[in-house]
>>> print(open('coords_11.csv').read())   # CSV, C-alpha atoms
chain,number,residue,atom,x,y,z
A,1,PRO,CA,0.0,0.0,0.0
A,2,GLU,CA,2.8,2.4,0.7
A,3,GLU,CA,3.9,2.2,-2.9
A,4,HIS,CA,0.7,3.8,-4.2
A,5,SER,CA,-0.7,7.2,-3.4
A,6,ASP,CA,-4.0,7.7,-1.7
A,7,LEU,CA,-4.5,10.9,-3.7
A,8,VAL,CA,-4.0,9.5,-7.1
A,9,GLY,CA,-2.0,6.4,-8.2
A,10,GLY,CA,-2.1,4.0,-11.0
A,11,SER,CA,-4.9,1.9,-9.6
A,12,THR,CA,-7.0,5.0,-8.8
A,13,ALA,CA,-6.2,7.1,-11.9
A,14,ALA,CA,-9.4,6.1,-13.8
A,15,ARG,CA,-11.5,6.8,-10.7
A,16,ARG,CA,-10.0,10.2,-10.0
A,17,MET,CA,-10.5,11.3,-13.6
A,18,GLY,CA,-13.9,9.8,-13.9
A,19,CYS,CA,-15.1,10.9,-10.4
A,20,PRO,CA,-12.8,13.5,-8.9
A,21,ARG,CA,-14.8,13.7,-5.7
A,22,SER,CA,-14.0,10.0,-4.9
A,23,TYR,CA,-10.8,11.1,-3.2
A,24,LYS,CA,-12.6,13.2,-0.6
A,25,LEU,CA,-15.3,10.5,-0.1
A,26,GLU,CA,-12.7,7.7,0.5
A,27,GLN,CA,-11.2,9.6,3.4
A,28,LEU,CA,-14.5,9.1,5.2
A,29,VAL,CA,-14.5,5.3,5.0
A,30,PRO,CA,-12.4,2.9,7.2
A,31,LYS,CA,-9.6,1.4,5.2
A,32,ASP,CA,-8.7,-2.3,5.4
A,33,GLU,CA,-5.0,-2.5,4.4
A,34,ARG,CA,-5.2,-6.3,4.0
A,35,GLY,CA,-7.3,-6.1,0.9
A,36,SER,CA,-9.5,-9.0,-0.3
A,37,GLU,CA,-8.2,-12.6,-0.8
A,38,TYR,CA,-8.1,-11.8,-4.6
A,39,ALA,CA,-6.0,-8.7,-4.0
A,40,ARG,CA,-3.6,-10.7,-1.8
A,41,GLU,CA,-3.3,-13.4,-4.5
A,42,GLY,CA,-2.5,-10.7,-7.0
A,43,THR,CA,0.1,-9.0,-4.8
A,44,ALA,CA,1.9,-12.3,-4.2
A,45,LEU,CA,1.9,-13.2,-7.9
A,46,HIS,CA,3.2,-9.6,-8.7
A,47,GLU,CA,6.1,-10.0,-6.3
A,48,LEU,CA,7.0,-13.4,-7.8
A,49,MET,CA,7.0,-11.9,-11.3
A,50,ALA,CA,9.2,-9.0,-10.1
A,51,MET,CA,11.7,-11.5,-8.5
A,52,THR,CA,11.7,-13.4,-11.8
A,53,LEU,CA,12.4,-10.4,-14.1
A,54,ARG,CA,14.4,-8.2,-11.8
A,55,ASP,CA,16.5,-10.8,-9.9
A,56,GLY,CA,16.6,-13.6,-12.4
A,57,ILE,CA,15.0,-16.1,-10.0
A,58,GLU,CA,13.4,-19.3,-11.5
A,59,PRO,CA,9.9,-19.3,-10.0
A,60,THR,CA,9.5,-23.0,-9.8
A,61,ASP,CA,12.7,-23.2,-7.7
A,62,ILE,CA,11.1,-21.3,-4.8
A,63,LEU,CA,7.6,-22.7,-4.9
A,64,PRO,CA,5.6,-22.7,-2.7
A,65,TYR,CA,6.4,-19.0,-2.3
A,66,THR,CA,4.8,-17.1,0.6
A,67,PHE,CA,4.5,-13.3,0.4
A,68,THR,CA,4.1,-11.4,3.7
A,69,SER,CA,3.0,-7.8,3.9
A,70,ALA,CA,5.4,-5.2,5.2
A,71,ASP,CA,3.5,-4.8,8.4
A,72,GLY,CA,3.1,-8.6,8.9
A,73,GLY,CA,-0.6,-8.3,8.9
A,74,TRP,CA,-1.3,-10.9,6.2
A,75,SER,CA,0.4,-13.4,4.0
A,76,PHE,CA,-0.4,-15.4,0.9
A,77,THR,CA,1.2,-18.5,-0.5
A,78,VAL,CA,1.6,-19.2,-4.3
A,79,ASP,CA,1.7,-22.9,-4.8
A,80,ARG,CA,2.5,-24.9,-7.9
A,81,GLU,CA,-1.2,-25.2,-8.9
A,82,LEU,CA,-1.7,-21.5,-8.8
A,83,TRP,CA,1.6,-20.8,-10.6
A,84,ASP,CA,0.7,-23.3,-13.4
A,85,ALA,CA,-2.8,-21.8,-13.8
A,86,LYS,CA,-1.8,-18.1,-13.8
A,87,GLY,CA,1.9,-17.3,-13.3
A,88,GLU,CA,3.5,-19.5,-16.0
A,89,PRO,CA,1.0,-18.6,-18.7
A,90,ALA,CA,1.4,-14.9,-18.0
A,91,LEU,CA,5.2,-15.1,-18.0
A,92,THR,CA,5.3,-17.1,-21.2
A,93,ALA,CA,3.0,-14.8,-23.0
A,94,PHE,CA,5.0,-11.7,-21.8
A,95,ASP,CA,8.2,-13.3,-23.0
A,96,GLN,CA,6.6,-14.0,-26.4
A,97,PHE,CA,5.3,-10.4,-26.6
A,98,CYS,CA,8.7,-8.9,-25.9
A,99,ALA,CA,10.4,-11.2,-28.5
A,100,GLN,CA,7.8,-10.1,-31.1
A,101,MET,CA,8.4,-6.4,-30.3
A,102,GLU,CA,12.2,-6.9,-30.6
A,103,ARG,CA,11.8,-8.5,-34.0
A,104,GLU,CA,9.4,-5.8,-35.3
A,105,ILE,CA,11.5,-2.8,-34.0
A,106,GLY,CA,14.9,-4.4,-34.5
A,107,ASP,CA,16.3,-3.7,-31.1
A,108,ASP,CA,16.5,-5.2,-27.6
A,109,MET,CA,13.9,-4.6,-25.0
A,110,HIS,CA,15.2,-2.9,-21.9
A,111,MET,CA,13.1,-2.9,-18.7
A,112,LEU,CA,12.6,-1.3,-15.3
A,113,ILE,CA,10.8,-3.5,-12.9
A,114,GLU,CA,8.5,-2.4,-10.0
A,115,ARG,CA,9.6,1.2,-10.3
A,116,ARG,CA,7.9,3.9,-8.3
A,117,VAL,CA,7.0,6.9,-10.5
A,118,ALA,CA,5.5,10.3,-9.7
A,119,VAL,CA,3.4,12.5,-12.0
A,120,PRO,CA,4.7,16.1,-12.3
A,121,GLY,CA,2.5,19.0,-11.2
A,122,ILE,CA,0.5,16.9,-8.7
A,123,PRO,CA,2.2,16.7,-5.3
A,124,GLY,CA,1.5,13.3,-3.8
A,125,ALA,CA,0.6,11.6,-7.0
A,126,PHE,CA,2.7,8.5,-7.5
A,127,GLY,CA,2.4,4.8,-8.1
A,128,THR,CA,4.5,1.7,-8.8
A,129,ALA,CA,4.6,0.5,-12.4
A,130,ASP,CA,5.0,-3.2,-12.9
A,131,ILE,CA,7.2,-2.9,-16.1
A,132,ILE,CA,8.5,0.1,-17.9
A,133,GLY,CA,10.1,-0.8,-21.2
A,134,ARG,CA,12.2,0.8,-23.9
A,135,CYS,CA,12.8,-0.8,-27.3
A,136,GLY,CA,14.4,1.3,-29.9
A,137,ALA,CA,12.5,4.6,-30.1
A,138,GLU,CA,9.4,3.2,-28.5
A,139,LEU,CA,8.2,3.0,-24.9
A,140,PHE,CA,6.2,0.3,-23.2
A,141,VAL,CA,4.2,0.3,-20.0
A,142,CYS,CA,3.0,-3.2,-19.0
A,143,ASP,CA,0.9,-4.4,-16.1
A,144,TRP,CA,0.1,-7.9,-14.7
A,145,LYS,CA,-3.6,-8.5,-14.0
A,146,PHE,CA,-4.4,-11.7,-12.2
A,147,GLY,CA,-8.0,-10.9,-11.2
A,148,TYR,CA,-11.4,-12.2,-12.4
A,149,LYS,CA,-12.5,-9.1,-14.2
A,150,THR,CA,-11.3,-8.4,-17.7
A,151,VAL,CA,-9.2,-5.2,-18.0
A,152,ALA,CA,-8.8,-3.5,-21.3
A,153,ALA,CA,-5.5,-2.1,-22.6
A,154,ASP,CA,-7.2,0.5,-24.9
A,155,ALA,CA,-6.8,4.0,-23.4
A,156,ASN,CA,-6.1,2.4,-20.0
A,157,ARG,CA,-5.8,5.3,-17.6
A,158,GLN,CA,-3.8,3.4,-15.1
A,159,LEU,CA,-1.1,2.7,-17.6
A,160,MET,CA,-1.3,6.2,-19.0
A,161,PHE,CA,-0.7,7.5,-15.5
A,162,TYR,CA,2.4,5.2,-15.2
A,163,ALA,CA,3.6,6.4,-18.6
A,164,ALA,CA,3.4,10.1,-17.5
A,165,GLY,CA,5.2,9.2,-14.3
A,166,ALA,CA,7.9,7.3,-16.1
A,167,LEU,CA,8.5,10.3,-18.4
A,168,ASN,CA,9.0,12.4,-15.2
A,169,THR,CA,10.8,10.1,-12.7
A,170,GLU,CA,12.8,8.0,-15.1
A,171,ARG,CA,13.5,10.8,-17.6
A,172,ALA,CA,17.2,10.0,-17.8
A,173,TRP,CA,16.5,6.3,-18.5
A,174,VAL,CA,13.8,7.0,-21.0
A,175,THR,CA,16.1,9.7,-22.6
A,176,SER,CA,15.1,13.3,-23.1
A,177,GLU,CA,14.9,12.7,-26.9
A,178,LEU,CA,12.0,10.3,-26.5
A,179,ALA,CA,10.4,12.1,-23.5
A,180,ASP,CA,10.3,15.4,-25.3
A,181,ASP,CA,8.9,14.1,-28.6
A,182,PRO,CA,5.1,14.1,-28.4
A,183,THR,CA,5.0,11.6,-31.3
A,184,THR,CA,7.0,9.0,-29.4
A,185,PRO,CA,5.0,5.7,-29.5
A,186,VAL,CA,3.9,4.4,-26.1
A,187,THR,CA,2.4,0.9,-26.0
A,188,LEU,CA,0.2,0.0,-23.0
A,189,ALA,CA,0.0,-3.7,-22.4
A,190,ILE,CA,-2.2,-5.7,-20.0
A,191,ILE,CA,-1.0,-9.3,-19.3
A,192,GLN,CA,-4.0,-11.2,-18.0
A,193,PRO,CA,-4.3,-15.0,-17.9
A,194,LEU,CA,-8.1,-14.6,-17.8
A,195,ASN,CA,-8.0,-13.6,-21.5
A,196,ALA,CA,-6.9,-17.1,-22.5
A,197,GLY,CA,-10.1,-18.6,-21.1
A,198,GLN,CA,-12.1,-16.2,-23.2
A,199,GLY,CA,-10.3,-17.2,-26.4
A,200,ASN,CA,-8.1,-14.0,-26.5
A,201,ASP,CA,-4.4,-13.4,-26.3
A,202,ILE,CA,-3.1,-13.2,-22.8
A,203,VAL,CA,-1.3,-9.9,-23.7
A,204,GLN,CA,-3.6,-7.2,-24.9
A,205,HIS,CA,-1.9,-4.0,-26.0
A,206,TRP,CA,-2.7,-0.5,-27.4
A,207,THR,CA,-0.4,2.2,-28.7
A,208,THR,CA,-0.8,5.9,-28.1
A,209,THR,CA,1.8,8.7,-27.9
A,210,VAL,CA,3.4,10.6,-25.1
A,211,GLY,CA,0.9,12.5,-22.9
A,212,ALA,CA,-1.4,12.2,-19.9
A,213,ALA,CA,-3.2,14.5,-17.4
A,214,VAL,CA,-5.0,14.2,-14.1
A,215,THR,CA,-6.9,17.1,-12.6
A,216,GLU,CA,-9.6,18.1,-10.0
A,217,ALA,CA,-8.8,15.3,-7.5
A,218,GLN,CA,-8.3,17.6,-4.4
A,219,GLU,CA,-11.2,20.0,-5.0
A,220,ASP,CA,-14.0,20.0,-2.3
A,221,GLY,CA,-16.6,20.6,-5.0
A,222,ALA,CA,-15.2,18.3,-7.5
A,223,ARG,CA,-17.3,16.6,-10.1
A,224,ILE,CA,-18.9,13.3,-9.0
A,225,ALA,CA,-19.9,10.5,-11.4
A,226,LYS,CA,-20.7,6.8,-11.6
A,227,GLY,CA,-18.7,4.5,-14.0
A,228,GLU,CA,-16.5,1.4,-14.2
A,229,TRP,CA,-14.1,3.1,-11.8
A,230,CYS,CA,-16.7,2.4,-9.0
A,231,ASN,CA,-16.1,-1.4,-9.2
A,232,PHE,CA,-13.6,-1.6,-6.4
A,233,ALA,CA,-14.3,1.8,-4.8
A,234,ARG,CA,-14.8,1.6,-1.0
A,235,CYS,CA,-16.4,5.1,-1.1
A,236,LYS,CA,-19.7,3.7,-2.4
A,237,THR,CA,-20.9,3.5,1.2
A,238,VAL,CA,-20.7,7.3,1.5
A,239,CYS,CA,-21.3,8.3,-2.1
A,240,PRO,CA,-24.5,10.4,-2.6
A,241,LEU,CA,-25.1,8.8,-6.0
A,242,TYR,CA,-25.4,5.3,-4.4
A,243,LEU,CA,-27.1,6.4,-1.3
A,244,ASN,CA,-29.7,8.4,-3.3
A,245,ALA,CA,-30.5,5.1,-5.1
A,246,VAL,CA,-31.6,3.6,-1.8
A,247,GLY,CA,-33.9,6.6,-1.3
A,248,SER,CA,-35.3,6.3,-4.8
A,249,LEU,CA,-36.1,2.6,-4.2
A,250,GLY,CA,-38.0,3.6,-1.0
A,251,GLU,CA,-39.9,6.3,-2.9
A,252,LYS,CA,-40.8,3.9,-5.7
A,253,MET,CA,-42.0,1.2,-3.3
A,254,ALA,CA,-44.1,3.8,-1.4
A,255,GLU,CA,-45.6,5.0,-4.7
A,256,LEU,CA,-46.4,1.4,-5.7
A,257,LYS,CA,-48.1,0.7,-2.4
A,258,ALA,CA,-50.1,3.9,-2.6
A,259,ARG,CA,-51.3,3.1,-6.1
A,260,GLN,CA,-52.3,-0.5,-5.2
A,261,ALA,CA,-54.3,0.8,-2.2
A,262,ALA,CA,-56.0,3.4,-4.3
A,263,SER,CA,-57.0,1.0,-7.1
A,264,ASN,CA,-58.9,-1.4,-4.7
A,265,GLY,CA,-58.2,-4.1,-7.3
A,266,SER,CA,-60.1,-2.3,-10.1
A,267,PRO,CA,-59.2,-3.8,-13.5
A,268,ASP,CA,-59.4,-0.3,-15.0
A,269,ASP,CA,-56.6,1.0,-12.8
A,270,ARG,CA,-53.9,-1.6,-13.1
A,271,LEU,CA,-50.2,-0.8,-12.9
A,272,ASP,CA,-48.0,-0.7,-16.0
A,273,TRP,CA,-45.8,-3.5,-14.7
A,274,GLY,CA,-43.4,-3.4,-17.6
A,275,ARG,CA,-42.6,0.2,-16.9
A,276,ARG,CA,-42.6,-0.4,-13.2
A,277,TYR,CA,-40.1,-3.2,-13.4
A,278,ALA,CA,-37.9,-1.1,-15.7
A,279,GLU,CA,-37.8,1.6,-13.0
A,280,LEU,CA,-37.1,-0.9,-10.2
A,281,LEU,CA,-34.4,-2.7,-12.1
A,282,GLU,CA,-32.7,0.6,-12.8
A,283,VAL,CA,-32.6,1.3,-9.1
A,284,ALA,CA,-31.6,-2.3,-8.3
A,285,ASP,CA,-28.5,-1.9,-10.6
A,286,LEU,CA,-27.4,0.9,-8.3
A,287,VAL,CA,-28.3,-0.6,-5.0
A,288,ASP,CA,-26.8,-4.1,-5.5
A,289,PRO,CA,-23.2,-2.9,-5.7
A,290,LEU,CA,-23.8,-0.8,-2.6
A,291,VAL,CA,-25.2,-3.7,-0.6
A,292,ALA,CA,-22.3,-5.9,-1.6
A,293,GLU,CA,-19.8,-3.2,-0.6
A,294,ILE,CA,-21.5,-2.7,2.7
A,295,HIS,CA,-21.3,-6.4,3.6
A,296,ALA,CA,-17.6,-6.6,2.5
A,297,GLN,CA,-16.6,-3.5,4.5
A,298,ALA,CA,-18.5,-4.5,7.6
A,299,HIS,CA,-17.0,-8.0,7.5
A,300,ALA,CA,-13.5,-6.6,7.2
A,301,TYR,CA,-14.2,-4.1,10.0
A,302,ALA,CA,-15.4,-6.8,12.3
A,303,GLU,CA,-12.5,-9.1,11.4
A,304,LEU,CA,-10.1,-6.4,12.6
A,305,GLY,CA,-11.8,-6.6,16.1
A,306,SER,CA,-14.1,-3.6,15.8
A,307,ALA,CA,-17.7,-3.9,17.2
A,308,ILE,CA,-20.8,-3.4,15.1
A,309,PRO,CA,-23.8,-3.1,17.5
A,310,GLY,CA,-26.3,-5.9,16.9
A,311,TRP,CA,-24.0,-7.8,14.5
A,312,GLY,CA,-21.1,-10.2,14.9
A,313,LEU,CA,-18.9,-12.7,13.0
A,314,GLU,CA,-20.2,-16.3,12.8
A,315,ALA,CA,-18.0,-19.3,12.4
A,316,LYS,CA,-18.9,-21.4,9.4
A,317,ARG,CA,-17.8,-24.8,8.1
A,318,PRO,CA,-15.2,-24.6,5.3
A,319,GLY,CA,-17.1,-24.1,2.0
A,320,ALA,CA,-20.4,-23.2,3.7
>>> encode(input="coords_11.csv", output="structure tokens")
Amino acid sequence: PEEHSDLVGGSTAARRMGCPRSYKLEQLVPKDERGSEYAREGTALHELMAMTLRDGIEPTDILPYTFTSADGGWSFTVDRELWDAKGEPALTAFDQFCAQMEREIGDDMHMLIERRVAVPGIPGAFGTADIIGRCGAELFVCDWKFGYKTVAADANRQLMFYAAGALNTERAWVTSELADDPTTPVTLAIIQPLNAGQGNDIVQHWTTTVGAAVTEAQEDGARIAKGEWCNFARCKTVCPLYLNAVGSLGEKMAELKARQAASNGSPDDRLDWGRRYAELLEVADLVDPLVAEIHAQAHAYAELGSAIPGWGLEAKRPGA
């Protein structure tokens, strides 16, 4: 966690640009530094990839590999089964991608691994890029994704954020010639084993040119908006747009009850159920993510030993 800015980092770049007020809202919500089980799995696999590329370690020589957080608060073990399912396919696909780029460009691929980069002009805006590459007169920003939700490379704001940071923090390595040329090609690549199961290449990439910007994040009256950036946002529990959806649901149910009472069952005053369901489903699409986030946050809060009046953790059988 200390390698990514709370203000704006790679993983929050899309959220800050899509909903600038999310920064202020997140400060109101308790933060669970442990992350979900999926996040821990991803972190452990990321570290194993970094050790492989940066230190030249053969992953299978150190399996099972246990990653422990800096504060010792959690750990996750990558076993051979997980490595064969996600790690090895991702690493092989990345090697093939690099080899293809070297053939096409006619030069060697040079890489910086797990490098912390800061975006100029925004104090406190930094993140850790998985891979920054340079091959000939082209730049590459690559990111491992081991989750269960497909991530697109096209116009990926996280990788554009890292690209801007690399042009600033690693300017000497990138070279001023490439950094100062707005036409320098920058390829953003997502390496995600999930793609293989969907019949796609594990490495998805998209090429743009030098340039990125992030604004508004610290303003109290910043714009607020819903979008795909809300998927993993803990601020849903205090976000007016999600909370308003709950109020809308209550209003619609009260209206439904009133109309039913007024009709007294008359066939001439029946509700338009098609329209009514359309309205209710629209609200449900907003409420469902909020309910899931509330349960997840409350569970994490209780696991950390904090009390929730009237509620408690219940032991369950494995798999129950």
>>> atom_distance(input="coords_11.csv", atom1="atom CA of A:Trp144", atom2="atom CA of A:Trp206")
15.0 Å
>>> closest_residue(input="coords_11.csv", among="A:Met49, A:Ala39, A:Val291, A:Ile131", to="A:Thr187", atoms="all atoms listed in the file")
A:Ile131
>>> residues_near_point(input="coords_11.csv", point="(-1.4, -2.2, -14.8)", cutoff="12 Å", atoms="all atoms listed in the file", output="MDAnalysis selection string")
chainID A and resid 9:14 42 46 114 127:132 140:147 151:163 188:192 203:205
>>> write_last_selection(input="coords_11.csv", atoms="C-alpha atoms", output="PDB file, in the frame of the given file")
ATOM      1  CA  GLY A   9      -2.000   6.400  -8.200  1.00  0.00           C
ATOM      2  CA  GLY A  10      -2.100   4.000 -11.000  1.00  0.00           C
ATOM      3  CA  SER A  11      -4.900   1.900  -9.600  1.00  0.00           C
ATOM      4  CA  THR A  12      -7.000   5.000  -8.800  1.00  0.00           C
ATOM      5  CA  ALA A  13      -6.200   7.100 -11.900  1.00  0.00           C
ATOM      6  CA  ALA A  14      -9.400   6.100 -13.800  1.00  0.00           C
ATOM      7  CA  GLY A  42      -2.500 -10.700  -7.000  1.00  0.00           C
ATOM      8  CA  HIS A  46       3.200  -9.600  -8.700  1.00  0.00           C
ATOM      9  CA  GLU A 114       8.500  -2.400 -10.000  1.00  0.00           C
ATOM     10  CA  GLY A 127       2.400   4.800  -8.100  1.00  0.00           C
ATOM     11  CA  THR A 128       4.500   1.700  -8.800  1.00  0.00           C
ATOM     12  CA  ALA A 129       4.600   0.500 -12.400  1.00  0.00           C
ATOM     13  CA  ASP A 130       5.000  -3.200 -12.900  1.00  0.00           C
ATOM     14  CA  ILE A 131       7.200  -2.900 -16.100  1.00  0.00           C
ATOM     15  CA  ILE A 132       8.500   0.100 -17.900  1.00  0.00           C
ATOM     16  CA  PHE A 140       6.200   0.300 -23.200  1.00  0.00           C
ATOM     17  CA  VAL A 141       4.200   0.300 -20.000  1.00  0.00           C
ATOM     18  CA  CYS A 142       3.000  -3.200 -19.000  1.00  0.00           C
ATOM     19  CA  ASP A 143       0.900  -4.400 -16.100  1.00  0.00           C
ATOM     20  CA  TRP A 144       0.100  -7.900 -14.700  1.00  0.00           C
ATOM     21  CA  LYS A 145      -3.600  -8.500 -14.000  1.00  0.00           C
ATOM     22  CA  PHE A 146      -4.400 -11.700 -12.200  1.00  0.00           C
ATOM     23  CA  GLY A 147      -8.000 -10.900 -11.200  1.00  0.00           C
ATOM     24  CA  VAL A 151      -9.200  -5.200 -18.000  1.00  0.00           C
ATOM     25  CA  ALA A 152      -8.800  -3.500 -21.300  1.00  0.00           C
ATOM     26  CA  ALA A 153      -5.500  -2.100 -22.600  1.00  0.00           C
ATOM     27  CA  ASP A 154      -7.200   0.500 -24.900  1.00  0.00           C
ATOM     28  CA  ALA A 155      -6.800   4.000 -23.400  1.00  0.00           C
ATOM     29  CA  ASN A 156      -6.100   2.400 -20.000  1.00  0.00           C
ATOM     30  CA  ARG A 157      -5.800   5.300 -17.600  1.00  0.00           C
ATOM     31  CA  GLN A 158      -3.800   3.400 -15.100  1.00  0.00           C
ATOM     32  CA  LEU A 159      -1.100   2.700 -17.600  1.00  0.00           C
ATOM     33  CA  MET A 160      -1.300   6.200 -19.000  1.00  0.00           C
ATOM     34  CA  PHE A 161      -0.700   7.500 -15.500  1.00  0.00           C
ATOM     35  CA  TYR A 162       2.400   5.200 -15.200  1.00  0.00           C
ATOM     36  CA  ALA A 163       3.600   6.400 -18.600  1.00  0.00           C
ATOM     37  CA  LEU A 188       0.200   0.000 -23.000  1.00  0.00           C
ATOM     38  CA  ALA A 189       0.000  -3.700 -22.400  1.00  0.00           C
ATOM     39  CA  ILE A 190      -2.200  -5.700 -20.000  1.00  0.00           C
ATOM     40  CA  ILE A 191      -1.000  -9.300 -19.300  1.00  0.00           C
ATOM     41  CA  GLN A 192      -4.000 -11.200 -18.000  1.00  0.00           C
ATOM     42  CA  VAL A 203      -1.300  -9.900 -23.700  1.00  0.00           C
ATOM     43  CA  GLN A 204      -3.600  -7.200 -24.900  1.00  0.00           C
ATOM     44  CA  HIS A 205      -1.900  -4.000 -26.000  1.00  0.00           C
TER      45      HIS A 205
END
>>> residues_around(input="coords_11.csv", residues="A:Gly312", least_positions_apart="4", cutoff="9 Å", atoms="only C-alpha atoms", output="ChimeraX atom specification")
/A:299,302,307-308
>>> atom_distance(input="coords_11.csv", atom1="atom CA of A:Ile57", atom2="atom CA of A:Ile105")
27.7 Å
>>> residues_around(input="coords_11.csv", residues="A:Arg80", least_positions_apart="4", cutoff="9 Å", atoms="only C-alpha atoms", output="list in words")
Thr60, Leu63, Pro64, Asp84 and Ala85 of chain A
>>> atom_distance(input="coords_11.csv", atom1="atom CA of A:Ile202", atom2="atom CA of A:Tyr148")
13.3 Å
>>> residues_around(input="coords_11.csv", residues="stretch 99-101 of chain A", least_positions_apart="4", cutoff="12 Å", atoms="only C-alpha atoms", output="list of chain:residue names")
A:Thr92, A:Ala93, A:Phe94, A:Asp95, A:Ile105, A:Gly106, A:Asp107, A:Asp108, A:Met109, A:His110, A:Gly133, A:Arg134, A:Cys135, A:Gly136, A:Ala137, A:Glu138, A:Leu139, A:Phe140, A:Thr187, A:Ala189, A:Val203, A:His205
>>> closest_residue(input="coords_11.csv", among="A:Thr150, A:Ser22, A:Thr43, A:Thr66", to="A:Ala196", atoms="only C-alpha atoms")
A:Thr150
>>> closest_residue(input="coords_11.csv", among="A:Val210, A:Leu28, A:Tyr38, A:Asn200", to="A:Leu178", atoms="only C-alpha atoms")
A:Val210
>>> build_atoms(input="coords_11.csv", residues="stretch 189-201 of chain A", atoms="N, CA, C and O atoms", output="mmCIF file, in the frame of the given file")
data_model
loop_
_atom_site.group_PDB
_atom_site.id
_atom_site.type_symbol
_atom_site.label_atom_id
_atom_site.label_comp_id
_atom_site.auth_asym_id
_atom_site.auth_seq_id
_atom_site.Cartn_x
_atom_site.Cartn_y
_atom_site.Cartn_z
ATOM 1 N N ALA A 189 0.314 -2.285 -22.277
ATOM 2 C CA ALA A 189 0.000 -3.700 -22.400
ATOM 3 C C ALA A 189 -0.496 -4.281 -21.073
ATOM 4 O O ALA A 189 0.063 -4.019 -20.005
ATOM 5 N N ILE A 190 -1.569 -5.020 -21.166
ATOM 6 C CA ILE A 190 -2.200 -5.700 -20.000
ATOM 7 C C ILE A 190 -1.876 -7.215 -20.213
ATOM 8 O O ILE A 190 -2.185 -7.790 -21.260
ATOM 9 N N ILE A 191 -1.262 -7.836 -19.199
ATOM 10 C CA ILE A 191 -1.000 -9.300 -19.300
ATOM 11 C C ILE A 191 -1.920 -9.960 -18.281
ATOM 12 O O ILE A 191 -1.744 -9.869 -17.071
ATOM 13 N N GLN A 192 -2.927 -10.642 -18.817
ATOM 14 C CA GLN A 192 -4.000 -11.200 -18.000
ATOM 15 C C GLN A 192 -4.329 -12.624 -18.400
ATOM 16 O O GLN A 192 -4.902 -12.852 -19.471
ATOM 17 N N PRO A 193 -4.003 -13.608 -17.560
ATOM 18 C CA PRO A 193 -4.300 -15.000 -17.900
ATOM 19 C C PRO A 193 -5.780 -15.260 -18.168
ATOM 20 O O PRO A 193 -6.120 -16.170 -18.947
ATOM 21 N N LEU A 194 -6.665 -14.467 -17.564
ATOM 22 C CA LEU A 194 -8.100 -14.600 -17.800
ATOM 23 C C LEU A 194 -8.455 -14.552 -19.262
ATOM 24 O O LEU A 194 -9.406 -15.195 -19.717
ATOM 25 N N ASN A 195 -7.688 -13.780 -20.044
ATOM 26 C CA ASN A 195 -8.000 -13.600 -21.500
ATOM 27 C C ASN A 195 -7.945 -14.964 -22.210
ATOM 28 O O ASN A 195 -8.714 -15.185 -23.145
ATOM 29 N N ALA A 196 -7.023 -15.842 -21.800
ATOM 30 C CA ALA A 196 -6.900 -17.100 -22.500
ATOM 31 C C ALA A 196 -8.166 -17.940 -22.396
ATOM 32 O O ALA A 196 -8.569 -18.595 -23.360
ATOM 33 N N GLY A 197 -8.810 -17.898 -21.240
ATOM 34 C CA GLY A 197 -10.100 -18.600 -21.100
ATOM 35 C C GLY A 197 -11.203 -18.086 -21.866
ATOM 36 O O GLY A 197 -12.233 -18.739 -22.031
ATOM 37 N N GLN A 198 -11.032 -16.864 -22.378
ATOM 38 C CA GLN A 198 -12.100 -16.200 -23.200
ATOM 39 C C GLN A 198 -11.717 -16.258 -24.679
ATOM 40 O O GLN A 198 -12.335 -15.581 -25.489
ATOM 41 N N GLY A 199 -10.674 -17.044 -24.997
ATOM 42 C CA GLY A 199 -10.300 -17.200 -26.400
ATOM 43 C C GLY A 199 -9.477 -16.035 -26.945
ATOM 44 O O GLY A 199 -9.362 -15.896 -28.170
ATOM 45 N N ASN A 200 -8.919 -15.194 -26.071
ATOM 46 C CA ASN A 200 -8.100 -14.000 -26.500
ATOM 47 C C ASN A 200 -6.660 -14.225 -26.126
ATOM 48 O O ASN A 200 -6.313 -15.079 -25.306
ATOM 49 N N ASP A 201 -5.795 -13.404 -26.702
ATOM 50 C CA ASP A 201 -4.400 -13.400 -26.300
ATOM 51 C C ASP A 201 -4.230 -12.935 -24.886
ATOM 52 O O ASP A 201 -4.920 -12.000 -24.464
#
